[in-house]
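For reference, structure07.tsv is printed below; it contains TSV, C-alpha atoms and all ligand atoms.
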chain	number	residue	atom	x	y	z
A	1	MET	CA	1.94	-24.84	23.27
A	2	LYS	CA	3.73	-25.79	20.09
A	3	LEU	CA	2.72	-23.36	17.38
A	4	ALA	CA	2.92	-24.08	13.68
A	5	ALA	CA	6.34	-23.38	12.15
A	6	ARG	CA	4.82	-20.90	9.71
A	7	VAL	CA	4.25	-18.44	12.55
A	8	ASP	CA	7.98	-18.36	13.28
A	9	ARG	CA	8.77	-17.71	9.65
A	10	VAL	CA	7.22	-14.25	9.79
A	11	THR	CA	7.81	-11.13	11.86
A	12	PRO	CA	4.95	-9.03	13.27
A	13	SER	CA	3.82	-6.05	11.18
A	14	LEU	CA	5.78	-3.01	12.33
A	15	THR	CA	3.38	-0.57	10.68
A	16	LEU	CA	0.61	-1.95	12.85
A	17	SER	CA	2.63	-2.34	16.06
A	18	VAL	CA	4.11	1.17	16.03
A	19	THR	CA	0.67	2.60	15.24
A	20	ALA	CA	-0.90	0.63	18.10
A	21	LYS	CA	1.82	1.84	20.47
A	22	ALA	CA	1.22	5.49	19.49
A	23	LEU	CA	-2.55	5.04	19.92
A	24	GLY	CA	-2.00	3.43	23.34
A	25	MET	CA	0.15	6.37	24.45
A	26	LYS	CA	-2.55	8.79	23.23
A	27	ALA	CA	-5.16	6.86	25.21
A	28	GLU	CA	-2.99	7.38	28.30
A	29	GLY	CA	-3.23	11.09	27.70
A	30	ILE	CA	0.26	11.51	26.18
A	31	ASP	CA	0.48	14.13	23.45
A	32	VAL	CA	1.86	11.99	20.61
A	33	CYS	CA	2.48	13.26	17.07
A	34	SER	CA	1.91	10.18	14.95
A	35	PHE	CA	3.31	9.81	11.45
A	36	SER	CA	3.05	6.04	11.65
A	37	ALA	CA	0.27	4.22	9.75
A	38	GLY	CA	-0.62	5.31	6.27
A	39	GLU	CA	-4.15	6.21	7.17
A	40	PRO	CA	-5.94	9.30	5.85
A	41	ASP	CA	-7.16	11.43	8.76
A	42	PHE	CA	-10.36	12.44	6.94
A	43	ASP	CA	-13.73	11.01	7.78
A	44	THR	CA	-15.20	8.72	5.10
A	45	PRO	CA	-17.17	10.98	2.69
A	46	ALA	CA	-20.82	11.43	3.75
A	47	HIS	CA	-22.40	9.94	0.60
A	48	ILE	CA	-20.45	6.70	1.10
A	49	LYS	CA	-21.54	6.42	4.72
A	50	ALA	CA	-25.13	7.21	3.69
A	51	ALA	CA	-25.11	4.38	1.13
A	52	ALA	CA	-23.92	1.88	3.78
A	53	GLN	CA	-26.51	3.20	6.21
A	54	GLN	CA	-29.23	2.79	3.62
A	55	ALA	CA	-28.06	-0.78	2.96
A	56	LEU	CA	-28.34	-1.46	6.69
A	57	ASP	CA	-31.85	0.00	6.77
A	58	GLU	CA	-32.82	-2.14	3.79
A	59	GLY	CA	-31.71	-5.27	5.62
A	60	LYS	CA	-28.54	-5.93	3.64
A	61	THR	CA	-27.18	-7.60	6.74
A	62	ARG	CA	-27.04	-11.20	5.55
A	63	TYR	CA	-24.40	-13.50	4.09
A	64	GLY	CA	-23.58	-12.74	0.49
A	65	PRO	CA	-21.57	-14.55	-2.18
A	66	ALA	CA	-17.97	-15.19	-0.99
A	67	ALA	CA	-16.53	-13.37	-4.02
A	68	GLY	CA	-18.54	-10.22	-3.32
A	69	GLU	CA	-21.85	-8.55	-4.15
A	70	PRO	CA	-22.44	-8.90	-7.91
A	71	LEU	CA	-23.18	-5.15	-8.19
A	72	LEU	CA	-19.84	-4.27	-6.61
A	73	ARG	CA	-17.89	-6.72	-8.75
A	74	GLU	CA	-19.50	-5.14	-11.81
A	75	ALA	CA	-18.75	-1.61	-10.60
A	76	ILE	CA	-15.10	-2.56	-9.99
A	77	ALA	CA	-14.79	-4.16	-13.43
A	78	ARG	CA	-16.21	-0.95	-14.99
A	79	LYS	CA	-13.75	1.15	-12.99
A	80	LEU	CA	-10.83	-1.01	-14.16
A	81	GLN	CA	-11.98	-0.66	-17.77
A	82	GLN	CA	-12.52	3.08	-17.61
A	83	ASP	CA	-9.70	4.26	-15.35
A	84	ASN	CA	-7.05	1.68	-16.12
A	85	GLN	CA	-7.86	0.39	-19.65
A	86	LEU	CA	-7.98	-3.17	-18.32
A	87	ASN	CA	-10.51	-5.34	-20.07
A	88	TYR	CA	-12.01	-7.10	-17.05
A	89	THR	CA	-15.56	-8.25	-16.39
A	90	ALA	CA	-17.16	-8.99	-13.00
A	91	GLU	CA	-15.93	-12.59	-13.26
A	92	ASN	CA	-12.33	-11.33	-13.15
A	93	VAL	CA	-12.89	-9.57	-9.82
A	94	ILE	CA	-13.07	-10.75	-6.20
A	95	VAL	CA	-13.96	-8.43	-3.31
A	96	THR	CA	-11.67	-8.94	-0.31
A	97	ASN	CA	-11.21	-7.71	3.26
A	98	GLY	CA	-8.95	-4.86	2.21
A	99	GLY	CA	-6.04	-4.61	-0.20
A	100	LYS	CA	-3.82	-6.58	2.17
A	101	HIS	CA	-6.22	-9.50	2.09
A	102	SER	CA	-6.41	-9.49	-1.70
A	103	LEU	CA	-2.62	-9.88	-1.84
A	104	TYR	CA	-2.70	-12.58	0.81
A	105	ASN	CA	-5.37	-14.56	-1.04
A	106	MET	CA	-3.43	-14.24	-4.25
A	107	MET	CA	-0.17	-15.47	-2.68
A	108	MET	CA	-2.01	-18.42	-1.13
A	109	ALA	CA	-3.63	-19.31	-4.44
A	110	LEU	CA	-0.44	-19.02	-6.52
A	111	ILE	CA	2.72	-19.57	-4.51
A	112	GLU	CA	4.07	-22.85	-3.22
A	113	PRO	CA	7.39	-24.14	-1.88
A	114	GLY	CA	10.13	-23.69	-4.45
A	115	ASP	CA	8.50	-20.63	-6.06
A	116	GLU	CA	10.43	-17.38	-6.09
A	117	VAL	CA	8.79	-13.98	-5.89
A	118	ILE	CA	10.77	-10.91	-6.94
A	119	ILE	CA	10.29	-7.93	-4.63
A	120	PRO	CA	12.11	-4.62	-5.09
A	121	VAL	CA	13.57	-3.08	-1.90
A	122	PRO	CA	12.32	-0.88	-0.22
A	123	TYR	CA	9.11	-2.88	-0.13
A	124	TRP	CA	5.86	-2.64	1.77
A	125	VAL	CA	6.24	-4.55	5.04
A	126	SER	CA	3.85	-7.42	4.30
A	127	TYR	CA	4.99	-8.53	0.82
A	128	PRO	CA	7.90	-10.79	1.87
A	129	GLU	CA	5.99	-12.10	4.87
A	130	MET	CA	3.03	-13.14	2.73
A	131	VAL	CA	5.35	-14.95	0.32
A	132	LYS	CA	6.90	-16.80	3.26
A	133	LEU	CA	3.49	-17.68	4.69
A	134	ALA	CA	2.62	-19.23	1.35
A	135	GLY	CA	5.84	-21.27	1.53
A	136	GLY	CA	7.61	-19.37	-1.26
A	137	THR	CA	10.95	-17.56	-1.34
A	138	PRO	CA	11.12	-13.77	-1.54
A	139	VAL	CA	13.90	-12.61	-3.86
A	140	LEU	CA	14.77	-9.11	-2.74
A	141	VAL	CA	16.24	-6.75	-5.32
A	142	GLN	CA	18.00	-3.72	-3.91
A	143	THR	CA	17.21	-0.36	-5.49
A	144	THR	CA	18.93	2.93	-4.69
A	145	ALA	CA	18.08	6.60	-4.45
A	146	ALA	CA	20.04	7.04	-7.71
A	147	THR	CA	17.29	5.22	-9.66
A	148	GLY	CA	14.57	6.85	-7.53
A	149	TYR	CA	14.17	3.54	-5.64
A	150	LYS	CA	12.88	1.93	-8.82
A	151	ILE	CA	13.84	-1.50	-10.10
A	152	THR	CA	15.34	-1.27	-13.58
A	153	PRO	CA	14.41	-3.66	-16.41
A	154	ALA	CA	17.97	-5.02	-16.31
A	155	GLN	CA	17.72	-5.74	-12.58
A	156	LEU	CA	14.37	-7.48	-13.07
A	157	ARG	CA	15.72	-9.61	-15.91
A	158	GLN	CA	18.77	-10.57	-13.85
A	159	ALA	CA	16.64	-11.62	-10.86
A	160	VAL	CA	14.56	-14.07	-12.91
A	161	THR	CA	15.39	-17.78	-12.50
A	162	PRO	CA	13.50	-20.90	-13.64
A	163	GLN	CA	11.77	-20.79	-10.21
A	164	THR	CA	10.43	-17.25	-10.61
A	165	LYS	CA	6.68	-17.15	-10.48
A	166	LEU	CA	5.78	-13.58	-9.68
A	167	PHE	CA	7.09	-10.01	-9.62
A	168	VAL	CA	5.57	-7.57	-7.11
A	169	LEU	CA	5.18	-4.05	-8.49
A	170	ASN	CA	3.89	-1.19	-6.35
A	171	SER	CA	3.46	2.22	-7.93
A	172	PRO	CA	2.88	4.74	-6.36
A	173	SER	CA	5.09	3.15	-3.76
A	174	ASN	CA	4.73	2.60	-0.08
A	175	PRO	CA	7.19	3.49	1.55
A	176	THR	CA	9.08	5.75	-0.90
A	177	GLY	CA	6.24	7.58	-2.64
A	178	MET	CA	7.93	7.15	-6.02
A	179	VAL	CA	5.86	6.63	-9.16
A	180	TYR	CA	7.10	4.73	-12.22
A	181	THR	CA	6.60	6.72	-15.43
A	182	PRO	CA	4.51	5.12	-18.21
A	183	ALA	CA	7.75	4.52	-20.16
A	184	GLU	CA	9.31	2.73	-17.17
A	185	ILE	CA	6.19	0.60	-16.71
A	186	SER	CA	6.26	-0.33	-20.41
A	187	ALA	CA	9.91	-1.35	-20.15
A	188	LEU	CA	9.17	-3.57	-17.13
A	189	ALA	CA	6.19	-5.06	-18.95
A	190	GLU	CA	8.51	-6.09	-21.79
A	191	VAL	CA	10.67	-8.07	-19.33
A	192	VAL	CA	7.59	-9.68	-17.74
A	193	VAL	CA	6.44	-10.86	-21.19
A	194	GLU	CA	9.90	-11.85	-22.43
A	195	GLN	CA	10.60	-13.88	-19.23
A	196	ASP	CA	7.02	-15.17	-19.09
A	197	ILE	CA	6.45	-14.43	-15.41
A	198	LEU	CA	3.39	-13.08	-13.60
A	199	VAL	CA	3.22	-9.59	-12.13
A	200	VAL	CA	1.01	-8.39	-9.31
A	201	SER	CA	0.45	-4.67	-9.48
A	202	ASP	CA	-0.47	-3.15	-6.13
A	203	GLU	CA	-2.30	0.03	-7.18
A	204	ILE	CA	-3.76	1.09	-3.84
A	205	TYR	CA	-2.24	4.62	-4.16
A	206	GLU	CA	-3.09	5.13	-7.85
A	207	LYS	CA	-5.24	8.22	-7.18
A	208	ILE	CA	-2.72	9.97	-4.94
A	209	LEU	CA	-0.35	11.64	-7.39
A	210	TYR	CA	1.48	14.99	-7.44
A	211	GLN	CA	3.35	17.23	-9.84
A	212	GLY	CA	1.88	15.74	-12.99
A	213	ALA	CA	2.88	12.15	-12.15
A	214	GLU	CA	0.88	9.64	-14.21
A	215	HIS	CA	-0.30	6.20	-13.19
A	216	LEU	CA	-0.20	3.43	-15.80
A	217	SER	CA	-1.33	-0.06	-14.94
A	218	ILE	CA	1.20	-2.56	-16.29
A	219	GLY	CA	-1.64	-4.69	-17.68
A	220	ALA	CA	-2.62	-1.85	-20.02
A	221	VAL	CA	0.72	-1.95	-21.85
A	222	SER	CA	-0.10	-4.87	-24.17
A	223	HIS	CA	-2.30	-7.94	-24.42
A	224	GLU	CA	0.74	-10.08	-23.55
A	225	ALA	CA	1.28	-8.04	-20.37
A	226	PHE	CA	-2.44	-8.06	-19.54
A	227	VAL	CA	-2.68	-11.85	-19.43
A	228	ARG	CA	0.27	-11.97	-17.01
A	229	THR	CA	-1.06	-9.20	-14.74
A	230	ILE	CA	-2.93	-9.38	-11.45
A	231	VAL	CA	-4.23	-6.12	-9.97
A	232	SER	CA	-4.66	-5.46	-6.27
A	233	ASN	CA	-6.49	-2.36	-5.10
A	234	GLY	CA	-8.99	-1.17	-2.52
A	235	PHE	CA	-11.01	1.68	-1.11
A	236	ALA	CA	-9.00	2.53	2.03
A	237	LYS	CA	-6.60	5.16	0.77
A	238	ALA	CA	-8.48	6.96	-2.02
A	239	TYR	CA	-11.80	7.19	-0.17
A	240	SER	CA	-10.54	7.26	3.43
A	241	MET	CA	-12.19	3.93	4.21
A	242	THR	CA	-9.38	2.17	6.09
A	243	GLY	CA	-11.59	0.60	8.77
A	244	TRP	CA	-14.21	-0.62	6.30
A	245	ARG	CA	-11.92	-3.35	5.00
A	246	VAL	CA	-12.97	-3.46	1.37
A	247	GLY	CA	-10.41	-4.27	-1.28
A	248	TYR	CA	-10.27	-6.29	-4.47
A	249	LEU	CA	-8.16	-8.44	-6.72
A	250	ALA	CA	-8.56	-8.64	-10.49
A	251	GLY	CA	-7.03	-11.19	-12.82
A	252	ALA	CA	-7.58	-14.38	-14.77
A	253	VAL	CA	-10.91	-16.10	-13.99
A	254	GLU	CA	-9.15	-19.26	-12.77
A	255	LEU	CA	-7.16	-17.24	-10.21
A	256	ILE	CA	-10.25	-15.37	-9.04
A	257	LYS	CA	-12.14	-18.65	-8.69
A	258	ALA	CA	-9.23	-20.09	-6.68
A	259	CYS	CA	-9.22	-17.06	-4.36
A	260	SER	CA	-12.96	-17.30	-3.99
A	261	LYS	CA	-12.60	-20.95	-2.98
A	262	LEU	CA	-10.05	-19.99	-0.30
A	263	GLN	CA	-12.24	-17.12	0.85
A	264	GLY	CA	-15.18	-19.54	1.05
A	265	HIS	CA	-13.31	-21.48	3.73
A	266	SER	CA	-11.81	-18.53	5.57
A	267	THR	CA	-13.59	-15.18	5.70
A	268	SER	CA	-16.63	-15.72	3.43
A	269	ASN	CA	-17.99	-12.46	2.08
A	270	VAL	CA	-16.77	-8.99	3.05
A	271	CYS	CA	-19.26	-7.17	5.35
A	272	THR	CA	-22.34	-6.84	3.13
A	273	PHE	CA	-23.37	-3.26	3.91
A	274	ALA	CA	-19.76	-2.05	3.67
A	275	GLN	CA	-19.80	-3.29	0.06
A	276	TYR	CA	-22.72	-0.97	-0.65
A	277	GLY	CA	-20.64	1.95	0.63
A	278	ALA	CA	-17.94	0.86	-1.82
A	279	ILE	CA	-20.44	0.82	-4.71
A	280	ALA	CA	-21.33	4.44	-3.90
A	281	ALA	CA	-17.62	5.32	-3.72
A	282	LEU	CA	-17.15	4.16	-7.30
A	283	SER	CA	-20.42	5.24	-8.84
A	284	GLU	CA	-20.89	8.73	-7.37
A	285	SER	CA	-18.83	11.93	-7.69
A	286	GLN	CA	-15.03	11.58	-7.40
A	287	ASP	CA	-14.64	15.14	-6.04
A	288	CYS	CA	-13.87	13.82	-2.55
A	289	VAL	CA	-10.80	11.98	-3.88
A	290	GLU	CA	-9.47	15.18	-5.42
A	291	ARG	CA	-10.18	17.21	-2.27
A	292	MET	CA	-8.15	14.82	-0.16
A	293	ARG	CA	-5.37	14.66	-2.74
A	294	LEU	CA	-5.04	18.45	-2.68
A	295	ALA	CA	-4.78	18.44	1.11
A	296	PHE	CA	-2.08	15.73	0.97
A	297	SER	CA	-0.24	17.75	-1.64
A	298	GLN	CA	-0.02	20.83	0.64
A	299	ARG	CA	1.10	18.72	3.59
A	300	ARG	CA	3.75	17.04	1.46
A	301	GLU	CA	5.27	20.40	0.52
A	302	VAL	CA	5.42	21.58	4.14
A	303	MET	CA	6.82	18.36	5.51
A	304	LEU	CA	9.44	17.95	2.78
A	305	GLU	CA	10.69	21.48	3.30
A	306	ARG	CA	10.89	21.03	7.05
A	307	ILE	CA	12.67	17.65	6.85
A	308	ASN	CA	15.22	18.76	4.30
A	309	ALA	CA	16.02	21.83	6.46
A	310	ILE	CA	17.00	19.63	9.43
A	311	PRO	CA	20.76	18.95	9.45
A	312	GLY	CA	21.46	15.23	9.36
A	313	LEU	CA	18.17	14.23	7.69
A	314	SER	CA	17.36	14.10	4.01
A	315	CYS	CA	14.64	13.02	1.69
A	316	VAL	CA	16.60	12.98	-1.53
A	317	VAL	CA	14.00	11.52	-3.87
A	318	LYS	CA	11.05	13.89	-3.98
A	319	PRO	CA	8.04	11.59	-3.86
A	320	THR	CA	5.33	12.15	-6.47
A	321	GLY	CA	2.74	9.76	-5.08
A	322	ALA	CA	1.13	8.16	-1.99
A	323	PHE	CA	1.52	10.02	1.34
A	324	TYR	CA	4.90	8.99	2.68
A	325	LEU	CA	8.33	10.54	3.05
A	326	PHE	CA	11.19	8.09	3.15
A	327	VAL	CA	13.92	9.83	5.09
A	328	ASP	CA	17.62	8.94	5.14
A	329	ILE	CA	18.92	8.84	8.73
A	330	SER	CA	22.34	7.30	7.97
A	331	LYS	CA	24.19	10.44	9.14
A	332	THR	CA	22.90	9.92	12.68
A	333	GLY	CA	24.76	6.62	13.09
A	334	LEU	CA	21.61	5.09	14.59
A	335	ASN	CA	19.77	2.19	13.06
A	336	SER	CA	16.10	2.70	12.26
A	337	ARG	CA	14.73	1.02	15.39
A	338	GLU	CA	17.10	2.93	17.69
A	339	PHE	CA	16.16	6.17	15.97
A	340	SER	CA	12.39	5.53	16.06
A	341	ASN	CA	12.29	4.25	19.65
A	342	SER	CA	14.38	7.09	20.95
A	343	LEU	CA	12.30	9.67	19.02
A	344	LEU	CA	9.08	8.24	20.43
A	345	GLU	CA	10.36	8.08	23.99
A	346	SER	CA	12.05	11.46	24.14
A	347	GLN	CA	9.79	13.55	21.88
A	348	GLN	CA	6.60	11.51	21.53
A	349	VAL	CA	6.87	11.42	17.74
A	350	ALA	CA	5.90	8.10	16.10
A	351	VAL	CA	7.50	7.06	12.80
A	352	ILE	CA	8.01	3.66	11.18
A	353	PRO	CA	11.58	2.26	11.25
A	354	GLY	CA	12.86	1.62	7.74
A	355	ILE	CA	13.83	-1.94	8.69
A	356	ALA	CA	10.13	-2.76	8.19
A	357	PHE	CA	10.67	-1.98	4.50
A	358	GLY	CA	14.14	-3.53	4.18
A	359	ALA	CA	16.01	-0.21	4.66
A	360	ASP	CA	17.52	0.11	8.11
A	361	ASP	CA	19.10	3.52	7.38
A	362	HIS	CA	15.72	5.16	6.73
A	363	ILE	CA	12.50	6.02	8.54
A	364	ARG	CA	9.05	6.45	7.00
A	365	LEU	CA	6.75	9.31	7.86
A	366	SER	CA	3.15	9.41	6.74
A	367	TYR	CA	1.80	12.89	6.07
A	368	ALA	CA	-1.81	11.73	5.97
A	369	THR	CA	-2.32	13.78	9.10
A	370	ASP	CA	-3.34	17.35	9.90
A	371	MET	CA	-1.09	20.38	9.45
A	372	THR	CA	-0.97	21.21	13.18
A	373	THR	CA	0.44	17.75	13.96
A	374	ILE	CA	2.89	18.12	11.09
A	375	GLU	CA	4.23	21.49	12.33
A	376	LYS	CA	4.41	20.32	15.94
A	377	GLY	CA	5.98	16.99	15.00
A	378	MET	CA	8.62	18.67	12.83
A	379	ASP	CA	9.54	21.05	15.68
A	380	ARG	CA	10.02	18.03	17.92
A	381	LEU	CA	12.01	16.13	15.29
A	382	GLU	CA	14.29	19.15	14.93
A	383	LYS	CA	14.80	19.22	18.70
A	384	PHE	CA	15.52	15.47	18.70
A	385	MET	CA	18.16	15.85	16.00
A	386	ARG	CA	19.81	18.70	17.95
A	387	SER	CA	19.89	16.47	21.04
A	388	LEU	CA	21.89	13.82	19.15
A	389	LYS	CA	24.85	16.14	18.63
A	401	LIG	N1	-0.70	0.10	4.59
A	401	LIG	C1	-0.62	1.05	5.65
A	401	LIG	C2	0.82	1.35	6.02
A	401	LIG	O1	1.74	0.89	5.41
A	401	LIG	C3	-1.43	0.62	6.84
A	401	LIG	C4	-0.79	-0.37	7.75
A	401	LIG	C5	-0.61	-1.72	7.12
A	401	LIG	O2	-1.59	-2.26	6.62
A	401	LIG	O3	0.51	-2.20	7.10
A	401	LIG	O4	1.02	2.10	6.94

Written as structure tokens, how would this file's structure read?
Ligand code: GLU
Amino acid sequence: MKLAARVDRVTPSLTLSVTAKALGMKAEGIDVCSFSAGEPDFDTPAHIKAAAQQALDEGKTRYGPAAGEPLLREAIARKLQQDNQLNYTAENVIVTNGGKHSLYNMMMALIEPGDEVIIPVPYWVSYPEMVKLAGGTPVLVQTTAATGYKITPAQLRQAVTPQTKLFVLNSPSNPTGMVYTPAEISALAEVVVEQDILVVSDEIYEKILYQGAEHLSIGAVSHEAFVRTIVSNGFAKAYSMTGWRVGYLAGAVELIKACSKLQGHSTSNVCTFAQYGAIAALSESQDCVERMRLAFSQRREVMLERINAIPGLSCVVKPTGAFYLFVDISKTGLNSREFSNSLLESQQVAVIPGIAFGADDHIRLSYATDMTTIEKGMDRLEKFMRSLK
């Protein structure tokens, strides 16, 4: 069978394939410690499940508008106004099948051959692939531990060409866990305005912050930045709703209408009763978000201390957001796939090779898992590192 060329342009998602492999090994009865997918281990909070159940009981089991339930679009717009100081109304919002899908829709609606999209490295695995699927060219800008893996305004300015359409900003970051300060966001916003490019701000980890880190949405910096900003977010990480597949995109009405048109010919609406769970997530108490954040915070401390105590490994930039540690493995002399495969085979510890994020001398560990797995996994990692000597 001759497949379309676009399939060859992209590589499979390593976050998903490593996670599936670890799950498969578990199903075979193997005791795997998985630090692979960024997926909170908590159950979805009871009030959110109850709202979806009630929607089911009330017969909210039919097709809905492709762009989402009007009540949810309104609730999201209110959230963006209140939490992020972004002046959106329901018309500026589309509900999508997860945060990943909102980014995919946006790339499909905006990017075409010849367009360049600036992506700082390390990046989340799917950004460059989505750009390629849309026919565009990813322009990868290397960052270093010295700048906390953050793109500087000078680097951004230098990467802009007449073909630049979009800049992808992700703070808190997957995979590094770094968070841009409000001053850094403002400085990047100035470049976006001065160069007159668009910016998509992936804010899926906005609620998962530590040590006083602050989240500022780039669109809140100025009116000029706001009109060039597109926001992607979702319910998976903050509310432990990964399998529900509810995310959203916010931006100019014409972009939202374009995405809605694409969605109308592809997925149609997101699962109707799941959207009612999402309404409850936004409109009821936010205590569950804080409870989970506190648990992540404790796990982060333990895991960081353990990793940095293992000779040959280091996590130099202390992450202040999300739930990942980005660990430098360069001293081992192994590349990230060799390291990850060998660790999984010999010690049954699953991590994501940094090559997935454009950094082959790193691995990513998610600490969105329980403390017992963390302690056991770190013991095994220590043993693995000793075995390399
Ligand atoms: N975003 C999560 C991660 O990076 C889930 C997997 C995925 O969607 O890539 O692990």

As a quick test: using only C-alpha atoms and all ligand atoms, which residues lie no more than 8 Å away from ligand LIG 401 (chain A)? Give them as an mmCIF file with C-alpha atoms, in the coordinates of the input.
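Dumped to out-v9.cif:
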data_model
loop_
_atom_site.group_PDB
_atom_site.id
_atom_site.type_symbol
_atom_site.label_atom_id
_atom_site.label_comp_id
_atom_site.auth_asym_id
_atom_site.auth_seq_id
_atom_site.Cartn_x
_atom_site.Cartn_y
_atom_site.Cartn_z
ATOM 1 C CA SER A 13 3.820 -6.050 11.180
ATOM 2 C CA LEU A 14 5.780 -3.010 12.330
ATOM 3 C CA THR A 15 3.380 -0.570 10.680
ATOM 4 C CA LEU A 16 0.610 -1.950 12.850
ATOM 5 C CA SER A 36 3.050 6.040 11.650
ATOM 6 C CA ALA A 37 0.270 4.220 9.750
ATOM 7 C CA GLY A 38 -0.620 5.310 6.270
ATOM 8 C CA GLU A 39 -4.150 6.210 7.170
ATOM 9 C CA LYS A 100 -3.820 -6.580 2.170
ATOM 10 C CA TRP A 124 5.860 -2.640 1.770
ATOM 11 C CA VAL A 125 6.240 -4.550 5.040
ATOM 12 C CA SER A 126 3.850 -7.420 4.300
ATOM 13 C CA ASN A 174 4.730 2.600 -0.080
ATOM 14 C CA PRO A 175 7.190 3.490 1.550
ATOM 15 C CA SER A 366 3.150 9.410 6.740
#

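Counting only C-alpha atoms, the residue from A:Val160, A:Val93, A:Leu188, A:Ile119 that sits nearest to Leu140 of chain A is A:Ile119.
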
Shortest interatomic distance to Val231 of chain A - which of A:Phe384, A:Phe326, A:Tyr276, A:Phe167, counting only C-alpha atoms = A:Phe167

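In terms of minimum interatomic distance to Gly358 of chain A, A:Pro128 ranks closest within A:Ser102, A:Lys26, A:Pro182, A:Pro128, counting only C-alpha atoms.
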
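When atom CA of Ile118 of chain A is paired with atom CA of Thr164 of chain A, their separation reads 7.3 Å.
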
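You can rank A:Cys259, A:Ala213, A:Ala20, A:Ala280 by their closest distance to Met178 of chain A using all atoms listed in the file, and at the top of that list sits A:Ala213.
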
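Minimum atom-to-atom distances from A:Asn269, A:Ser201, A:Ser314, A:Asn97 to Pro65 of chain A were compared using only C-alpha atoms, and the lowest value belongs to A:Asn269.
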
task = Would you mind telling me which residue in A:Glu338, A:Glu254, A:Glu290, A:Glu382 lies nearest to Leu110 of chain A when using all atoms listed in the file?
result = A:Glu254

Using the incomplete input, complete segment 294-298 of chain A to the level of all heavy atoms; output as a compact mmCIF listing (two decimals), in the coordinates of the input.
# COMPACT_ATOMS: atom_id res chain seq x y z
N LEU A 294 -5.56 17.08 -2.78
CA LEU A 294 -5.04 18.45 -2.68
C LEU A 294 -4.51 18.73 -1.28
O LEU A 294 -3.47 19.37 -1.12
CB LEU A 294 -6.14 19.47 -3.04
CG LEU A 294 -6.41 19.60 -4.54
CD1 LEU A 294 -7.62 20.49 -4.80
CD2 LEU A 294 -5.19 20.17 -5.27
N ALA A 295 -5.23 18.24 -0.27
CA ALA A 295 -4.78 18.44 1.11
C ALA A 295 -3.45 17.71 1.33
O ALA A 295 -2.51 18.27 1.91
CB ALA A 295 -5.83 17.94 2.09
N PHE A 296 -3.34 16.47 0.82
CA PHE A 296 -2.08 15.73 0.97
C PHE A 296 -0.94 16.49 0.28
O PHE A 296 0.18 16.54 0.78
CB PHE A 296 -2.18 14.33 0.33
CG PHE A 296 -3.15 13.40 1.02
CD1 PHE A 296 -3.95 12.54 0.28
CD2 PHE A 296 -3.27 13.36 2.40
CE1 PHE A 296 -4.85 11.67 0.89
CE2 PHE A 296 -4.15 12.50 3.03
CZ PHE A 296 -4.95 11.66 2.27
N SER A 297 -1.26 17.06 -0.86
CA SER A 297 -0.24 17.75 -1.64
C SER A 297 0.34 18.93 -0.85
O SER A 297 1.56 19.13 -0.82
CB SER A 297 -0.88 18.23 -2.94
OG SER A 297 0.01 19.00 -3.66
N GLN A 298 -0.52 19.70 -0.17
CA GLN A 298 -0.02 20.83 0.64
C GLN A 298 0.82 20.32 1.80
O GLN A 298 1.88 20.88 2.11
CB GLN A 298 -1.21 21.60 1.22
CG GLN A 298 -1.89 22.47 0.21
CD GLN A 298 -3.22 23.01 0.74
OE1 GLN A 298 -3.62 22.71 1.86
NE2 GLN A 298 -3.90 23.79 -0.08
